[in-house]
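See below for the structure under consideration.
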Amino acid sequence: MKSSGRRYFLSAGLALGAGWITRPAFADILPRSSGRRVVIVGGGWGGLTAARHLRELAPELEIVLVERNAAFRSLPLSNKWLVGLDRERGLATYADTARSLGCTLISADATAVDRDRRRVITTQGAIDYDWLVLAVGIRYDYTPWFGDDRRAILEARQKYPAGFVADELDQLKQKIADFKGGDFVMTIPPSPYRCPPAPYERAVMIAWMFKQRGIKARLIVVDPGPGMQAFNRVFADRYEDQIVHLTHAAVKSVDPFKKTITTEFDALSFDDGILMPSQQAADLIWQAGLVERGADGAASGWGAVDPVRLHAIDDDRVFLIGDLVGKVSSLFGHYPKSGHLANQLGRIVAREIAGRAQGKLPEPQLPQSVCHVFTDVAPMERVRIDASFRIRGDGVISQTVRQHFDPQPRGEDVEWAESMYADFLKKP
Ligand SMILES: Cc1cc2nc3c(=O)[nH]c(=O)nc-3n(C[C@H](O)[C@H](O)[C@H](O)COP(=O)(O)OP(=O)(O)OC[C@H]3O[C@@H](n4cnc5c(N)ncnc54)[C@H](O)[C@@H]3O)c2cc1C
């Protein structure tokens, strides 16, 4: 499939003025080798897995990883760490990880993709590719609250970080530890968003911590939906004095300076909090022109992908994996936006690219997802959510979800996480 049109978009941060141009002149960072090259942008759960499995399946390919951060940090299990119930797990520098995975690391921000020329533009220079894997995760969308008011966006992001990306975790931990009492607000994002049970699990952990420390605080959970059954029961029965759960309460406006929120039914003020806005595919997907659009041309916010082969809808040299992936089924919409699923998509894409490099299209494979969630802390209670997928006779992907309640967890979450890290963070 040939990509069409001019697709080279310079981000405002890189260019003197944002705009479409046709002839970029960025120096190559890497000399073209004799072999074929796969560039992977984003060294999270999806990108690192793709690198690891490609190295094994297609040792003849050159693999280049572009990642802006110096070290991998894990969001899974971070809620326990936030409130001091576990140490941080899975931390690894990209320099060590790239060495052990056998790929070249470019520590840079990828700012654009020139799909016509098959080049990724980074803050260090340009890199040619034969195949490109975009695994850049999510970005926040504050526009429903603030429009283009940059001051308000900055204030919300800096003072009340959502904590859905790893570089906000330290600030979040400090904020929770420093809270002395009053109203602490949490806005649950509208669906779809990364790891749907995560904010509820975080709410339970924070409420438990307030209770344990005897802090006079209310945790106000502002929820656009009905909540999650397993948590609704715990919020109401065990944290009656700590958690106020406002369901079907879509946020209408937020003033991060005056610290107020309005919903259709309530106006509330808060002392501190975690403001979680809507989510979308990360910037690069927009810049590369890979966002899915409805019949009316409106952008859904997520990557337009072939649901089975995982290449971009109009470009089979570019693959999209992880949380940025858009709708894959008319039955259930999005795959669960989980690390486990990103890992599975990374494996599938490695097979797809290795197969193409070796001249054959592999048998289609679908992912599965496992998620361990704590619904309470004292006593510890866990729910395991398994999702599996199959292609129906009419070609549509269907989903089966099973939940298993476990009143006596024995470290299954840690076991799961360590097995994941062993898969994509091989120690040097
Ligand atoms: C609190 C919390 C708890 C969670 N718990 C679980 C759990 O228990 N189990 C589970 O399966 N999932 C869990 N998740 C979800 C999981 O973290 C995500 O689904 C997973 O990280 C998605 O992987 P990804 O590869 O799509 O994106 P990410 O892991 O976010 O990786 C994206 C990478 O791309 C890099 N990047 C982005 N843009 C650029 C660019 N332009 N140039 C260079 N680099 C770039 C980023 O720095 C980042 O390293 C949780 C999430 C949260 C927030």
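Here's how to read the names in the structure tokens: chain A, B, ... by the order shown, residue numbers from 1 in each chain, ligand numbers from 1 in the order shown.
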
Residues of segment 128-232 of chain A that approach segment 244-251 of chain A to 7 Å or less, counting only C-alpha atoms: could you list each one with the shortest pair of atoms and its distance in Å to one decimal, rows by chain and increasing residue number, as JSON lines?
{"residue": "A:Arg218", "atom": "CA", "partner": "A:Val244", "partner_atom": "CA", "distance": 6.9}
{"residue": "A:Leu219", "atom": "CA", "partner": "A:Val244", "partner_atom": "CA", "distance": 6.1}
{"residue": "A:Ile220", "atom": "CA", "partner": "A:Val244", "partner_atom": "CA", "distance": 4.8}
{"residue": "A:Val221", "atom": "CA", "partner": "A:His245", "partner_atom": "CA", "distance": 4.8}
{"residue": "A:Val222", "atom": "CA", "partner": "A:Leu246", "partner_atom": "CA", "distance": 5.0}
{"residue": "A:Asp223", "atom": "CA", "partner": "A:Thr247", "partner_atom": "CA", "distance": 4.9}
{"residue": "A:Pro224", "atom": "CA", "partner": "A:Ala250", "partner_atom": "CA", "distance": 4.1}
{"residue": "A:Gly225", "atom": "CA", "partner": "A:His248", "partner_atom": "CA", "distance": 4.6}
{"residue": "A:Pro226", "atom": "CA", "partner": "A:Thr247", "partner_atom": "CA", "distance": 5.2}
{"residue": "A:Gly227", "atom": "CA", "partner": "A:Thr247", "partner_atom": "CA", "distance": 6.4}

Item checked: Who sits within 12 Å of Val165 of chain A, only C-alpha atoms, same chain under 6 positions skipped, as a list in words ->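 Final neighbour list, sorted by chain and number: Gly44, Asn69, Phe72, Arg73, Ser74, Leu75, Pro76, Ser78, Val136, Gly137, Ile138, Arg139, Tyr140, Arg157, Gln171, Leu172, Tyr193, Arg194, Cys195, Met276, Gln279, Ala282 and Asp323 of chain A.
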
(request) Could you please write out, as a ChimeraX atom specification, every residue of segment 147-209 of chain A that DSSP assigns to strand (DSSP E)? (result) /A:182-187

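Here atom CA of Arg151 of chain A stands at a distance of 26.0 Å from atom 52 (C, counted along the ligand's line) of ligand 1.
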
Taking only C-alpha atoms into account, produce a table as CSV in which each residue of segment 115-207 of chain A with an atom at most 12 Å from an atom of segment 260-266 of chain A appears once, together with its shortest atom pair and the distance in Å to one decimal, ordered by chain and rising number.
residue,atom,partner,partner_atom,distance
A:Trp145,CA,A:Ile261,CA,9.9
A:Ala156,CA,A:Thr260,CA,11.6
A:Asp183,CA,A:Thr260,CA,11.1
A:Phe184,CA,A:Thr260,CA,11.5
A:Val185,CA,A:Ile261,CA,9.3
A:Met186,CA,A:Ile261,CA,10.7
A:Thr187,CA,A:Ile261,CA,9.5

Quick one: pick out all helix (DSSP H, G or I) residues within segment 214-377 of chain A from a backbone DSSP run and write them as a ChimeraX atom specification. /A:229-238,283-287,322-324,339-357

From atom CA of Ser191 of chain A to atom CA of His334 of chain A the spacing works out at 9.9 Å

Min atom-atom distance to Asp283 of chain A from the set A:Ala112, A:Leu101, A:Ala203, A:Ala166, counting only C-alpha atoms, belongs to A:Ala112

Expressed in Å, the length from atom 52 (C, counted along the ligand's line) of ligand 1 to atom CA of Asp316 of chain A is 29.9 Å

*asked:* With distances taken over only C-alpha atoms, which residue among A:Arg89, A:His404, A:Arg347, A:Arg309 lies nearest Trp45 of chain A?
replied: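 Using only C-alpha atoms, Trp45 of chain A sits closest to A:Arg347.
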
**Asked** Neighbours of segment 311-314 of chain A within 10 Å (only C-alpha atoms; same-chain residues fewer than 6 positions away dropped), as a list in words?
**Response** Met1, Lys2, Ser3, Ser4, Trp131, Leu132, Val133, Leu134, Gly289, Leu290, Val291, Glu292, Gly303, Ala304, Val305, Leu320, Ile321, Val325, Val349, Glu352 and Ile353 of chain A
